[in-house]
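Novice: File follows, structure.cif with mmCIF, C-alpha atoms:
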data_protein
#
loop_
_atom_site.label_atom_id
_atom_site.label_comp_id
_atom_site.auth_asym_id
_atom_site.auth_seq_id
_atom_site.Cartn_x
_atom_site.Cartn_y
_atom_site.Cartn_z
CA MET A 19 167.81 102.28 110.56
CA ARG A 20 165.30 99.57 111.38
CA ALA A 21 162.31 101.91 111.19
CA ILE A 22 163.23 103.03 107.67
CA GLU A 23 163.82 99.44 106.59
CA HIS A 24 160.44 98.46 108.02
CA ILE A 25 158.57 101.15 106.07
CA GLN A 26 160.60 100.51 102.92
CA ALA A 27 159.63 96.84 102.98
CA GLN A 28 155.95 97.84 102.95
CA ALA A 29 156.54 100.37 100.17
CA LEU A 30 158.37 97.79 98.06
CA HIS A 31 155.41 95.44 98.43
CA ARG A 32 153.17 98.09 96.86
CA ARG A 33 155.68 99.45 94.34
CA GLU A 34 154.34 97.58 91.31
CA TYR A 35 150.82 98.79 91.98
CA ALA A 36 152.07 102.34 92.57
CA LEU A 37 153.99 102.35 89.28
CA SER A 38 150.86 101.24 87.44
CA VAL A 39 148.90 104.17 88.96
CA ILE A 40 151.64 106.63 88.00
CA LYS A 41 151.77 105.27 84.46
CA ASN A 42 148.00 105.48 84.04
CA VAL A 43 147.81 109.10 85.27
CA GLN A 44 150.78 109.99 83.06
CA LEU A 45 149.10 108.55 79.96
CA MET A 46 145.70 110.08 80.71
CA SER A 47 147.36 113.45 81.32
CA ALA A 48 149.64 113.36 78.24
CA ILE A 49 152.81 113.95 80.27
CA ASP A 50 156.13 113.24 78.60
CA THR A 51 158.11 110.47 80.33
CA ALA A 52 161.35 112.46 80.37
CA ARG A 53 159.62 115.46 81.95
CA LEU A 54 157.98 113.29 84.60
CA SER A 55 161.35 111.75 85.43
CA LEU A 56 162.90 115.20 85.68
CA GLY A 57 160.14 116.31 88.04
CA LEU A 58 160.76 113.35 90.32
CA ASN A 59 164.49 114.08 90.29
CA MET A 60 163.82 117.71 91.25
CA LEU A 61 161.64 116.54 94.14
CA ALA A 62 164.44 114.31 95.41
CA GLN A 63 167.04 117.08 95.06
CA HIS A 64 165.08 120.07 96.33
CA GLY A 65 162.32 118.75 98.62
CA ARG A 66 162.62 119.63 102.28
CA ILE A 67 160.91 118.75 105.54
CA ALA A 68 159.03 121.37 107.58
CA PHE A 69 158.63 120.97 111.33
CA HIS A 70 155.80 123.21 112.53
CA PHE A 71 155.61 124.42 116.12
CA HIS A 72 154.25 127.17 118.35
CA PRO A 73 157.33 128.95 119.73
CA ASP A 74 155.72 130.18 122.93
CA ARG A 75 154.16 127.01 124.35
CA ILE A 76 155.66 125.88 127.65
CA ASP A 77 157.70 122.65 127.77
CA SER A 78 158.31 120.19 130.61
CA ARG A 79 161.01 122.48 132.07
CA GLY A 80 158.69 125.47 132.21
CA TRP A 81 160.45 127.10 129.25
CA PRO A 82 158.99 128.36 125.99
CA VAL A 83 159.63 125.77 123.28
CA LEU A 84 161.88 128.24 121.46
CA ALA A 85 164.05 128.76 124.55
CA GLY A 86 164.44 124.99 124.82
CA MET A 87 165.63 124.82 121.21
CA LEU A 88 168.11 127.63 121.88
CA ALA A 89 169.55 125.82 124.90
CA ASP A 90 169.59 122.31 123.44
CA GLY A 91 170.40 122.81 119.77
CA ILE A 92 168.14 119.93 118.78
CA TYR A 93 164.48 119.45 117.90
CA LYS A 94 162.82 117.19 120.47
CA THR A 95 159.73 114.99 120.51
CA GLN A 96 156.70 115.30 122.76
CA PHE A 97 158.09 112.42 124.85
CA GLU A 98 160.80 114.88 125.94
CA THR A 99 159.04 118.26 125.85
CA ARG A 100 155.54 117.15 126.94
CA VAL A 101 154.22 119.52 124.25
CA SER A 102 152.25 118.54 121.16
CA ASN A 103 150.16 120.43 118.66
CA GLY A 104 148.51 117.18 117.62
CA LYS A 105 147.53 114.30 119.91
CA LEU A 106 149.38 114.52 123.23
CA SER A 107 150.28 111.18 124.87
CA PRO A 108 153.91 111.54 125.94
CA GLN A 109 154.32 108.38 127.97
CA VAL A 110 155.78 104.99 127.23
CA GLY A 111 152.88 102.55 127.11
CA GLY A 112 150.44 105.27 126.03
CA PRO A 113 148.46 105.58 122.80
CA ARG A 114 151.26 107.23 120.79
CA ASP A 115 153.80 104.67 121.95
CA HIS A 116 151.45 101.89 120.85
CA TRP A 117 150.75 103.60 117.52
CA GLU A 118 154.48 104.12 116.81
CA ASN A 119 155.22 100.50 117.66
CA GLN A 120 152.65 99.41 115.12
CA LEU A 121 153.84 101.87 112.48
CA PHE A 122 157.55 101.13 112.79
CA GLY A 123 157.57 97.47 113.77
CA ASP A 124 158.44 97.84 117.46
CA CYS A 125 161.67 99.72 116.70
CA TYR A 126 161.39 102.25 119.52
CA ARG A 127 161.70 101.80 123.25
CA GLY A 128 161.78 104.47 125.95
CA ALA A 129 161.36 108.21 125.54
CA ARG A 130 164.60 109.12 123.75
CA GLY A 131 165.39 108.63 120.10
CA ARG A 132 161.78 108.73 118.94
CA PRO A 133 160.83 109.92 115.44
CA LYS A 134 160.17 113.62 114.91
CA TYR A 135 157.07 114.46 112.90
CA GLY A 136 157.00 117.00 110.10
CA ALA A 137 155.64 117.27 106.57
CA LEU A 138 157.22 117.07 103.13
CA ASP A 139 157.69 120.65 101.99
CA LEU A 140 157.49 121.52 98.30
CA GLY A 141 157.35 125.27 98.89
CA MET A 142 153.79 125.60 97.62
CA HIS A 143 152.68 127.82 100.52
CA GLN A 144 154.66 130.43 102.37
CA ASN A 145 153.19 129.30 105.70
CA GLY A 146 154.41 125.74 105.20
CA PRO A 147 152.79 122.40 104.38
CA SER A 148 151.01 121.63 107.69
CA ALA A 149 150.14 124.90 109.42
CA ARG A 150 147.64 123.20 111.73
CA PHE A 151 150.64 122.18 113.86
CA GLY A 152 152.10 125.62 114.44
CA SER A 153 152.46 129.25 113.47
CA CYS A 154 156.19 128.83 112.77
CA TYR A 155 158.29 126.13 111.19
CA LEU A 156 161.87 124.94 110.91
CA LEU A 157 162.90 123.91 107.43
CA SER A 158 165.40 121.14 106.73
CA SER A 159 168.07 120.74 104.13
CA PRO A 160 167.12 118.40 101.24
CA ALA A 161 169.62 115.83 102.55
CA LEU A 162 167.30 115.05 105.48
CA LEU A 163 164.85 113.28 103.15
CA HIS A 164 167.07 110.20 103.32
CA ARG A 165 166.52 109.88 107.09
CA CYS A 166 162.75 110.10 106.78
CA THR A 167 159.83 107.84 106.20
CA PHE A 168 156.60 109.17 104.71
CA SER A 169 152.87 108.54 104.74
CA TYR A 170 150.26 110.08 102.49
CA LEU A 171 148.23 112.17 104.93
CA ASP A 172 148.62 111.84 108.68
CA SER A 173 149.90 108.50 109.96
CA CYS A 174 147.23 108.54 112.70
CA ARG A 175 144.76 107.73 109.91
CA GLU A 176 146.71 104.54 109.21
CA PRO A 177 147.06 105.22 105.47
CA ARG A 178 148.19 102.41 103.19
CA GLU A 179 150.54 104.63 101.23
CA LYS A 180 153.99 104.80 102.85
CA GLY A 181 157.47 105.33 101.54
CA THR A 182 161.08 106.38 101.90
CA ALA A 183 163.30 108.62 99.80
CA ALA A 184 164.60 105.50 98.03
CA CYS A 185 161.14 104.00 97.52
CA PHE A 186 158.78 106.93 97.05
CA GLU A 187 156.50 105.57 94.32
CA ASP A 188 153.55 104.76 96.59
CA ILE A 189 153.50 108.31 97.99
CA PHE A 190 153.86 109.95 94.59
CA ALA A 191 151.17 107.71 93.10
CA ALA A 192 148.70 108.87 95.76
CA LEU A 193 149.61 112.53 95.13
CA PHE A 194 149.51 112.15 91.34
CA ASN A 195 146.19 110.36 91.42
CA GLU A 196 144.62 112.93 93.74
CA CYS A 197 145.60 115.67 91.28
CA PHE A 198 144.00 113.60 88.51
CA GLU A 199 140.76 112.75 90.32
CA ARG A 200 140.18 115.93 92.36
CA SER A 201 142.16 118.57 90.41
CA SER A 202 143.68 119.60 93.75
CA ALA A 203 146.16 118.29 96.28
CA LEU A 204 148.21 119.44 99.28
CA GLY A 205 145.89 122.39 99.77
CA VAL A 206 146.36 123.67 96.21
CA SER A 207 143.26 124.01 94.04
CA GLN A 208 143.30 123.65 90.25
CA LEU A 209 146.35 121.41 90.44
CA ARG A 210 146.20 118.92 87.59
CA PRO A 211 148.94 116.26 87.15
CA ALA A 212 150.71 118.17 84.37
CA ALA A 213 150.70 121.33 86.51
CA LEU A 214 152.23 119.38 89.41
CA VAL A 215 155.03 118.12 87.19
CA ASP A 216 155.59 121.61 85.80
CA TYR A 217 155.82 122.94 89.34
CA LEU A 218 158.39 120.31 90.34
CA VAL A 219 160.51 121.01 87.26
CA ASP A 220 160.28 124.78 87.04
CA ALA A 221 159.40 126.18 90.49
CA LEU A 222 160.73 123.84 93.17
CA PRO A 223 164.41 124.39 92.22
CA LEU A 224 164.02 128.17 92.72
CA GLY A 225 164.69 127.69 96.44
CA VAL A 226 163.23 128.84 99.74
CA ALA A 227 162.89 132.54 98.88
CA ALA A 228 160.44 131.82 96.05
CA ARG A 229 157.77 130.54 98.45
CA PHE A 230 157.20 134.01 99.86
CA GLU A 231 155.77 135.07 96.51
CA ARG A 232 153.16 132.32 96.82
CA PRO A 233 149.90 132.48 98.80
CA MET A 234 149.15 131.49 102.35
CA SER A 235 147.14 128.31 102.83
CA GLY A 236 144.12 127.71 105.03
CA ASP A 237 144.31 123.95 104.53
CA LEU A 238 144.51 121.84 107.69
CA ASP A 239 144.45 118.23 106.60
CA HIS A 240 146.20 117.61 103.28
CA TYR A 241 149.93 117.01 103.63
CA ILE A 242 152.49 114.27 103.22
CA GLU A 243 153.62 113.42 106.73
CA ALA A 244 157.34 112.90 107.26
CA GLN A 245 158.78 110.98 110.17
CA CYS A 246 162.43 111.85 110.80
CA HIS A 247 164.59 109.15 112.38
CA GLY A 248 167.70 110.00 114.37
CA GLU A 249 168.75 113.21 116.07
CA LEU A 250 167.55 116.42 114.44
CA VAL A 251 170.26 119.05 114.84
CA ILE A 252 169.46 122.74 114.46
CA GLY A 253 171.93 124.41 112.11
CA GLU A 254 172.98 121.13 110.49
CA ASP A 255 169.78 119.30 109.57
CA LEU A 256 167.66 122.46 109.89
CA THR A 257 168.55 125.56 107.90
CA HIS A 258 165.67 128.09 108.09
CA LEU A 259 163.22 129.39 110.68
CA VAL A 260 160.01 130.75 109.15
CA ALA A 261 157.91 132.72 111.62
CA ASP A 262 154.55 134.44 111.98
CA PRO A 263 154.88 138.26 112.04
CA ALA A 264 152.54 138.43 115.04
CA PHE A 265 155.73 137.84 117.06
CA LYS A 266 157.61 140.83 115.66
CA GLY A 267 158.54 143.28 118.36
CA THR A 268 158.10 140.72 121.15
CA GLU A 269 160.40 138.65 123.33
CA MET A 270 159.79 135.76 120.94
CA GLU A 271 161.42 137.70 118.09
CA ILE A 272 164.48 138.27 120.28
CA LEU A 273 164.68 134.53 121.00
CA MET A 274 164.22 133.75 117.31
CA GLN A 275 167.08 136.01 116.35
CA ARG A 276 169.30 134.51 119.07
CA LEU A 277 168.48 131.00 117.84
CA CYS A 278 169.30 131.96 114.27
CA ASP A 279 172.53 133.71 115.22
CA LYS A 280 173.72 130.84 117.41
CA TYR A 281 172.97 128.07 114.92
CA ARG A 282 173.37 130.01 111.65
CA LEU A 283 169.73 129.68 110.61
CA GLN A 284 168.11 132.04 108.16
CA LEU A 285 165.15 133.87 109.73
CA CYS A 286 162.21 134.44 107.37
CA TRP A 287 158.66 135.70 107.89
CA HIS A 288 155.48 134.56 106.22
CA GLN A 289 152.50 136.90 105.98
CA GLY A 290 150.85 135.59 109.13
CA TYR A 291 147.24 135.16 110.18
CA GLN A 292 144.78 137.56 111.73
CA MET A 293 141.03 137.46 112.08
CA PRO A 294 138.27 139.68 113.47
CA VAL A 295 136.70 137.99 116.47
CA ASP A 296 133.23 138.60 115.09
CA GLU A 297 134.10 136.39 112.08
CA VAL A 298 134.87 133.31 114.19
CA PRO A 299 132.25 130.69 113.23
CA PRO A 300 130.42 128.54 115.80
CA ASP A 301 130.12 125.53 113.49
CA PHE A 302 133.72 124.65 112.56
CA ARG A 303 135.50 123.65 115.78
CA GLY A 304 132.55 123.96 118.12
CA ALA A 305 130.10 126.47 119.53
CA ALA A 306 132.61 127.61 122.17
CA MET A 307 134.98 129.15 119.62
CA PRO A 308 133.43 132.65 119.29
CA LYS A 309 133.30 133.14 123.06
CA LEU A 310 136.85 131.86 123.51
CA ALA A 311 138.11 134.11 120.71
CA ALA A 312 136.54 137.15 122.39
CA LEU A 313 138.22 136.18 125.67
CA VAL A 314 141.62 135.70 124.01
CA ALA A 315 141.43 138.83 121.85
CA PRO A 316 139.49 141.52 123.78
CA ASP A 317 140.51 144.18 121.24
CA GLY A 318 138.69 142.22 118.54
CA GLN A 319 141.57 140.97 116.36
CA LEU A 320 142.81 137.40 116.83
CA ASP A 321 146.36 136.29 115.96
CA ALA A 322 148.98 133.68 116.87
CA ARG A 323 150.59 135.79 119.59
CA LEU A 324 147.32 136.28 121.47
CA ILE A 325 146.49 132.56 121.43
CA GLY A 326 149.98 131.89 122.79
CA GLU A 327 149.57 134.48 125.53
CA ALA A 328 146.30 132.84 126.54
CA ALA A 329 148.00 129.42 126.66
CA LEU A 330 150.74 130.88 128.87
CA ALA A 331 148.23 132.55 131.21
CA LEU A 332 146.36 129.26 131.50
CA HIS A 333 149.60 127.44 132.32
CA LYS A 334 150.57 129.96 135.00
CA ASP A 335 147.20 130.22 136.73
CA PRO A 336 144.57 127.70 135.61
CA GLN A 337 142.33 128.72 138.52
CA GLN A 338 141.66 132.09 136.91
CA TRP A 339 140.22 130.25 133.91
CA ARG A 340 138.14 127.84 135.97
CA MET A 341 134.80 129.35 134.96
CA HIS A 342 135.63 128.58 131.32
CA GLY A 343 136.64 124.94 131.85
CA ASN A 344 139.42 122.81 133.29
CA GLU A 345 143.03 123.16 132.12
CA THR A 346 143.04 120.10 129.85
CA GLU A 347 139.82 121.11 128.13
CA LEU A 348 141.00 124.69 127.61
CA LYS A 349 144.34 123.63 126.16
CA GLN A 350 142.41 121.61 123.60
CA GLN A 351 140.06 124.51 122.93
CA LEU A 352 142.99 126.86 122.30
CA LYS A 353 144.45 124.31 119.90
CA LEU A 354 141.13 124.25 118.05
CA LEU A 355 141.00 128.05 118.02
CA TRP A 356 144.33 128.00 116.20
CA HIS A 357 142.72 125.72 113.58
CA VAL A 358 139.97 128.30 113.15
CA LEU A 359 142.53 131.05 112.62
CA VAL A 360 144.40 129.00 109.99
CA ARG A 361 141.23 128.04 108.16
CA PHE A 362 139.46 131.40 108.16
CA GLY A 363 142.15 133.98 108.97
CA HIS A 364 143.45 136.64 106.61
CA SER A 365 147.02 137.56 105.72
CA ARG A 366 148.38 140.38 107.83
#
Let me see whether you can do it: turn the structure in this file into C-alpha cells.
Specialist:
Amino acid sequence: MRAIEHIQAQALHRREYALSVIKNVQLMSAIDTARLSLGLNMLAQHGRIAFHFHPDRIDSRGWPVLAGMLADGIYKTQFETRVSNGKLSPQVGGPRDHWENQLFGDCYRGARGRPKYGALDLGMHQNGPSARFGSCYLLSSPALLHRCTFSYLDSCREPREKGTAACFEDIFAALFNECFERSSALGVSQLRPAALVDYLVDALPLGVAARFERPMSGDLDHYIEAQCHGELVIGEDLTHLVADPAFKGTEMEILMQRLCDKYRLQLCWHQGYQMPVDEVPPDFRGAAMPKLAALVAPDGQLDARLIGEAALALHKDPQQWRMHGNETELKQQLKLLWHVLVRFGHSR
C-alpha cells in the first residue's frame, strides 16, 4: 500500500540514527543483545492493535456505534460514521483530510478507504493503551501489525518518529529512550529499559487474558498510535471486545453479546471507571466539569454509561440542554468529562 510505503521510506531514512539510540540505551542499561532481540521478536509476534470507542454514541444513521458495527461487520472511520472521540472533521477538504494527506503523501481521496486509528497494544493495562478515546475497545490479531503504520504519540502532534512493522526501529528507539530518561513510558511508572525488555520476553506472550491481572491506567496521552490501512473486518482482523462493566445489564450489553456471537469475538470486561461527582476537579478540563458531572450523574456517581446517556439525550433534544450551552460545545464538554473520569476515576 502506498501509505505504508510512504511511512516506511521516512522510517528508513531515520533507521541508522534509531539503531544508534537503541544501542546506547542497551549498553547503558546492561541488556544482553540476545535478550533484546528476543524481546523485539515477541513484540512482532504478540503485539496487537486496540481500537477504542464509545459503544453508545450515535452515528450518521442515527444508530449507536455498536449497532452499526453489528450491521456492517467492519470498523469504520469518522468520514463514514461522523463520530470521533478525538478531533472531529469528517469532510473531504477539512482539517483531518489535509492532515492525512500530509502524513501519508496524498494517498487518500474521498471518504472511503481511509485509515483507521488505534494504538499499539502490549497488554500493559486492562483498559487498553489509549483509553481517552473510549470506554471499550476492539483488539486485533497480531497479524494486523503488517497493515499498520505507527507514530510515537499521536500523529496530530506531527512526531518525527514513525514506522511500520518491517521498519520499527524509530518507534522502539523513542520508547526505549523514554524508559531510560524518564523511567516510565506508555502510562507505566518505574519502567526502566531492562524491565521493558523483560516484559516483552516474559509477559507479552501470555496472551490477552493476562492483562486483566494488571492495573487500570489513568494515562491519557502516552501511546504509540497505529494507523490501519485497508478494510478492518470484525471477526477476522478483530478478535476481542473489551468493555466497561458500566454497560452490564443494559441494552448495550445485549448488543455486545450479539456482536460477539455473530462475528465470533471474545467478550471481556475490564474493571471500569467510576467517580464521585464531588471529586471532579475544576482545574483539569475546565471549571465547567464539576457542574456538568452533577448534571450527568444526579445520584452522585459518574461512570461511562451515564456520560453516554447524556450524549444521547443531547442528540435527541438539544433544546433541553440550551441553558448549559449549544450542542457542539456540550458534545466537547462531555468528551472532556470522559477524560476526567479516566484520569481521576476509580476501578469499579
Novice: Could you tell me which of A:Asn119, A:Thr167, A:Gln28, A:Asn42 comes closest to Ala137 of chain A if we count all atoms listed in the file?
Specialist: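 Comparing A:Asn119, A:Thr167, A:Gln28, A:Asn42 against Ala137 of chain A, the winner is A:Thr167.
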Novice: I'd like to know which of A:Val360, A:Met307, A:Leu171, A:Leu30 is closest to Asp262 of chain A, using all atoms listed in the file.
Specialist: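 Comparing A:Val360, A:Met307, A:Leu171, A:Leu30 against Asp262 of chain A, the winner is A:Val360.
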Novice: Just the residues within 9 Å of Pro233 of chain A, please, counting only C-alpha atoms, with nothing from its chain fewer than 4 positions along; format it as a list in words.
Specialist: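 Result of the neighbour search: Met142, His143, Gln144, Asn145, Arg229 and Gln289 of chain A.
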Novice: So what does the PyMOL selection byres ((chain A and resi 298) around 8) actually pick up in this one, as a compact mmCIF listing (two decimals) with C-alpha atoms, in the frame of the given file?
Specialist:
# COMPACT_ATOMS: atom_id res chain seq x y z
CA MET A 293 141.03 137.46 112.08
CA PRO A 294 138.27 139.68 113.47
CA VAL A 295 136.70 137.99 116.47
CA ASP A 296 133.23 138.60 115.09
CA GLU A 297 134.10 136.39 112.08
CA PRO A 299 132.25 130.69 113.23
CA PRO A 300 130.42 128.54 115.80
CA MET A 307 134.98 129.15 119.62
CA PRO A 308 133.43 132.65 119.29
CA ALA A 311 138.11 134.11 120.71
CA VAL A 358 139.97 128.30 113.15
CA PHE A 362 139.46 131.40 108.16
Novice: Residues picked by the PyMOL selection byres ((chain A and resi 90) around 12) here, as number ranges by chain?
Specialist: A: 81, 83-89, 91-94, 98-99, 249-253, 277, 280-281
Novice: Given the point (160.0, 132.0, 113.3) in the coordinates of this file, which residues lie within 8 Å, counting only C-alpha atoms, and how would they look as an NGL selection string?
Specialist: :A and (73 or 154-156 or 259-262 or 271 or 274 or 285-287)
Novice: Rounded to one decimal place, report the atom CA of Pro263 of chain A-atom CA of Ile242 of chain A distance in Å.
Specialist: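 These two atoms are separated by 25.7 Å.
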Novice: Name the residues captured by the PyMOL selection byres ((chain A and resi 134) around 9) when it is applied to the shown file; answer as JSON, numbers by chain.
Specialist: {"A": [69, 93, 94, 95, 96, 131, 132, 133, 135, 136, 244, 245, 246, 247, 248, 249, 250]}
Novice: Compare A:Val206, A:Ala36, A:Cys185, A:Ala213 by their minimum atom-to-atom distance to Arg53 of chain A, counting only C-alpha atoms, and give me the closest one.
Specialist: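 With only C-alpha atoms as the atom set, the closest residue is A:Ala213.
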Novice: Between A:Tyr241, A:Phe194, A:Tyr126, A:Phe97, which has the minimum distance to Ser169 of chain A (counting only C-alpha atoms)?
Specialist: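 Nearest to Ser169 of chain A: A:Tyr241.
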Novice: Given 3 Å on each side, where is the centre and what are the edge lengths in Å to one decimal of the axis-aligned box enclosing the listed atoms of segment 171-181 of chain A, as JSON?
Specialist:
{"center_x": 151.1, "center_y": 107.3, "center_z": 107.0, "size_x": 18.7, "size_y": 15.8, "size_z": 17.5}
Novice: Considering only C-alpha atoms, state which residue in the set A:His24, A:Arg361, A:Arg282, A:Arg127 is at the smallest distance from Ala149 of chain A.
Specialist: A:Arg361
Novice: Between A:Leu138, A:Ala62, A:Ala212, A:Ile76, which residue has the minimum interatomic distance to Ala48 of chain A, considering only C-alpha atoms?
Specialist: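 Distance minimum relative to Ala48 of chain A lands on A:Ala212.
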Novice: Could you tell me how far atom CA of Ala306 of chain A lies from atom CA of Leu355 of chain A, in Å and to one decimal?
Specialist: 9.4 Å
Novice: Go ahead and find all residues with at least one atom no further than 9 Å from (144.0, 124.7, 105.6) in the file's coordinates, using only C-alpha atoms; report them as a VMD selection string.
Specialist: chain A and resid 148 to 150 205 235 to 240 357 360 to 362
Novice: Got a sec: who's within 9 Å of Pro160 of chain A, counting all atoms listed in the file, leaving out chain neighbours fewer than 6 positions off, as a CSV table (one decimal) with C-alpha atoms, in the frame of the given file?
Specialist:
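Saved the output as around_35.csv:
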chain,number,residue,atom,x,y,z
A,62,ALA,CA,164.4,114.3,95.4
A,63,GLN,CA,167.0,117.1,95.1
A,64,HIS,CA,165.1,120.1,96.3
A,65,GLY,CA,162.3,118.8,98.6
A,66,ARG,CA,162.6,119.6,102.3
A,67,ILE,CA,160.9,118.8,105.5
A,255,ASP,CA,169.8,119.3,109.6
Novice: Can you pull out every residue within 12 Å of His342 of chain A, counting only C-alpha atoms, but drop anything in the same chain fewer than 2 positions away, and send it as a list in words?
Specialist: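 Close residues of His342 of chain A: Ala306, Met307, Lys309, Leu310, Leu313, Val314, Leu332, Pro336, Gln337, Gln338, Trp339, Arg340, Asn344, Glu345, Thr346, Glu347, Leu348, Lys349, Gln351 and Leu352 of chain A.
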Novice: Please report the interatomic distance between atom CA of Leu157 of chain A and atom CA of His258 of chain A in Å with one decimal.
Specialist: 5.1 Å
Novice: If we count all atoms listed in the file, what is near Phe190 of chain A at a cut-off of 9 Å, once residues fewer than 4 positions away on the same chain are taken out, given as a ChimeraX atom specification?
Specialist: /A:36,40,58,170,186,194-195
Novice: As a CSV table (one decimal), in the frame of the given file, could you write out segment 194-207 of chain A once it has been completed with N, CA, C and O atoms?
Specialist:
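Result written to part.csv:
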chain,number,residue,atom,x,y,z
A,194,PHE,N,149.8,112.0,92.8
A,194,PHE,CA,149.5,112.2,91.3
A,194,PHE,C,148.1,111.8,91.0
A,194,PHE,O,147.4,112.5,90.3
A,195,ASN,N,147.6,110.8,91.7
A,195,ASN,CA,146.2,110.4,91.4
A,195,ASN,C,145.2,111.3,92.0
A,195,ASN,O,144.1,111.6,91.4
A,196,GLU,N,145.5,111.9,93.2
A,196,GLU,CA,144.6,112.9,93.7
A,196,GLU,C,144.5,114.2,92.8
A,196,GLU,O,143.4,114.7,92.6
A,197,CYS,N,145.6,114.6,92.3
A,197,CYS,CA,145.6,115.7,91.3
A,197,CYS,C,144.7,115.3,90.1
A,197,CYS,O,144.0,116.2,89.6
A,198,PHE,N,144.8,114.1,89.7
A,198,PHE,CA,144.0,113.6,88.5
A,198,PHE,C,142.5,113.5,88.8
A,198,PHE,O,141.7,114.0,88.0
A,199,GLU,N,142.2,113.0,90.0
A,199,GLU,CA,140.8,112.8,90.3
A,199,GLU,C,140.1,114.0,90.9
A,199,GLU,O,138.9,114.2,90.7
A,200,ARG,N,140.8,114.8,91.7
A,200,ARG,CA,140.2,115.9,92.4
A,200,ARG,C,140.6,117.3,91.8
A,200,ARG,O,140.1,118.3,92.2
A,201,SER,N,141.6,117.3,90.9
A,201,SER,CA,142.2,118.6,90.4
A,201,SER,C,142.7,119.5,91.5
A,201,SER,O,142.7,120.7,91.4
A,202,SER,N,143.1,118.9,92.6
A,202,SER,CA,143.7,119.6,93.8
A,202,SER,C,144.4,118.6,94.6
A,202,SER,O,144.1,117.4,94.6
A,203,ALA,N,145.4,119.1,95.3
A,203,ALA,CA,146.2,118.3,96.3
A,203,ALA,C,147.0,119.2,97.2
A,203,ALA,O,147.4,120.3,96.8
A,204,LEU,N,147.3,118.7,98.3
A,204,LEU,CA,148.2,119.4,99.3
A,204,LEU,C,147.7,120.9,99.5
A,204,LEU,O,148.6,121.8,99.7
A,205,GLY,N,146.4,121.1,99.5
A,205,GLY,CA,145.9,122.4,99.8
A,205,GLY,C,145.9,123.3,98.6
A,205,GLY,O,145.7,124.5,98.8
A,206,VAL,N,146.3,122.8,97.4
A,206,VAL,CA,146.4,123.7,96.2
A,206,VAL,C,145.2,123.3,95.3
A,206,VAL,O,145.1,122.1,94.9
A,207,SER,N,144.4,124.3,95.0
A,207,SER,CA,143.3,124.0,94.0
A,207,SER,C,143.7,124.2,92.6
A,207,SER,O,144.8,124.8,92.3
